[in-house]
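Reviewing the structure listed below.
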Amino acid sequence: MIKRSEEDLCFLCKVNKADKAGSHFTPIGIIKKVVGKRGYEHEVTIAPSKGEVNQYFGRDNLKNTDPTIRQSDNVADHIFCTACEENLGKIESECIPYLHTIFDKVSQAATPLHTSRSGNSFIKFSNPNKNVLILFFYSIIWRQILNDFLSHGLQHPKDFFETLRKIVSTEISKPLNEIKKSEVFKDTPALIIFTCKFEDIDLTSLIYNPNPYPANPEVFSIGIYETLIFKEPHISQHYELSTKLPASVVDDDLIINIAEQGIIGVMDLEVWNNRNKWFFAKTADDFITTYVNKIVNATRLPFSAAEALLKAETHLIGGTTKAKTYADFFTEAVESVIRKYKS
């Protein structure tokens, strides 16, 4: 994470000093079914390019045996000013309770499902107000992009990032009644929101981060919700390959900006699970690739040969290692392979 101080400018308004500490990139309220309630969180962050897996336990979580005070990877200091933080909180407080109610009703089959012309299921609702909801998800998408840059140096299209920043910064400063009546959101990036009726699924396996590959519409996972946001009008080529979502989910009938009222799609469970499994498989492959490349750089072996040696070594030391983390385990295996090769 890039180091910041209270003398730096707020990333959102770019006017006030970033005097606020403890800001969340993805609001804890919307992902509490995934990570746990505030104070009891259990968050797992994987950084494949760094070969790191970090766990964070809230201060009241019984698994938190480390007296060291540390922040979640979803939290940072001096990102926003107090005014922007309070305005973001206003939008979050307006939306999050309703979104959990909507999710619970979908899960319990307690709300009518409609079908779009493309065959997608969806629900309609009056609360939260659709403009406020669009602004809420815009703010999370923008913050996830910001976190990607600050934590991993990953760049998203600058024009798109700046467009979202200006919309969020301008609109959150308005009274709620003014946001609800605004015509602005008809002409802002089109947004589709999905949830799912989960059956006996461990919600802690859900993710909250941007899709690993660029696509249009871009996919941003937010725990029990998936959002698709358009950078340009037309769906990108190879969309299914880069997102592991069927192109049929890019459904004009589900674009909330032009809907008469609030609308959220209900994604097929198999589709949701397939994407989730693909994401974790890709993350695991990228994680291992980081360590294989360490062997390649140290030995000049071909990648396939280094990969085979690493796989064999992990099996060999699996029963004897004292490593407490995946990173330590793979580091031990890599060092052993390099040592054996050079001897």
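Each chain of the structure tokens is named A, B, ... in the order shown, its residues numbered from 1; ligands are numbered from 1 in display order.
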Using DSSP on the backbone, list every residue of range 116-256 of chain A that comes out as strand (DSSP E), and give them as a VMD selection string.
chain A and resid 121 to 125 191 to 196 218 to 222 225 to 229
Tell me which protein, DNA and RNA residues are within 7 Å of Phe230 in chain A, counting only C-alpha atoms, leaving out same-chain ones fewer than 4 positions away, and put them as a PyMOL selection string.
chain A and resi 189-191+216-218
What would the file look like if the residues just selected were written as a JSON list (two decimals), in the first residue's frame with C-alpha atoms?
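Result file is part.json:
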```json
[["chain", "number", "residue", "atom", "x", "y", "z"],
["A", 189, "PRO", "CA", -22.08, 4.40, -17.29],
["A", 190, "ALA", "CA", -24.71, 1.68, -17.64],
["A", 191, "LEU", "CA", -24.86, -0.67, -14.65],
["A", 216, "ASN", "CA", -16.65, -4.60, -21.31],
["A", 217, "PRO", "CA", -18.78, -4.47, -19.30],
["A", 218, "GLU", "CA", -16.24, -4.74, -16.49]]
```
If we count only C-alpha atoms and set the cut-off at 12 Å, which residues sit around Ile192 in chain A, ignoring sequence neighbours fewer than 2 positions away in its own chain? Please answer as a PyMOL selection string.
chain A and resi 120+122+130+133-134+137-138+189-190+194-195+216-221+225-230+249-259+262-267
Taking 2 positions as the minimum chain separation for residues in the same chain, which residues sit within 10 Å of Val106 in chain A when counting only C-alpha atoms? Answer as a ChimeraX atom specification.
/A:100-104,108-113,122-123,195-198,266
Apply DSSP to the structure's backbone, then extract all residues of range 60-244 of chain A labelled alpha helix (DSSP H) and return them as a ChimeraX atom specification.
/A:82-107,130-152,158-172,176-181,239-243
Env of Ser173 in chain A: 12 Å cut, atoms = only C-alpha atoms, seq-sep filter 6 positions within chain, self excluded. Answer as a list of chain:residue names.
A:Leu12, A:Cys13, A:Ala83, A:Cys84, A:Glu85, A:Glu86, A:Asn87, A:Leu88, A:Gly89, A:Lys90, A:Ile91, A:Leu135, A:Lys166, A:Ile167, A:Ile179
So which residues touch range 20-23 of chain A within 10 Å, counting only C-alpha atoms, skipping near sequence neighbours fewer than 4 positions away, as a count of residues only?
19
Of the residues A:Ser304, A:Gln237, A:Arg4, A:Ser205, which is the one nearest to Ala18 in chain A, using only C-alpha atoms?
A:Arg4
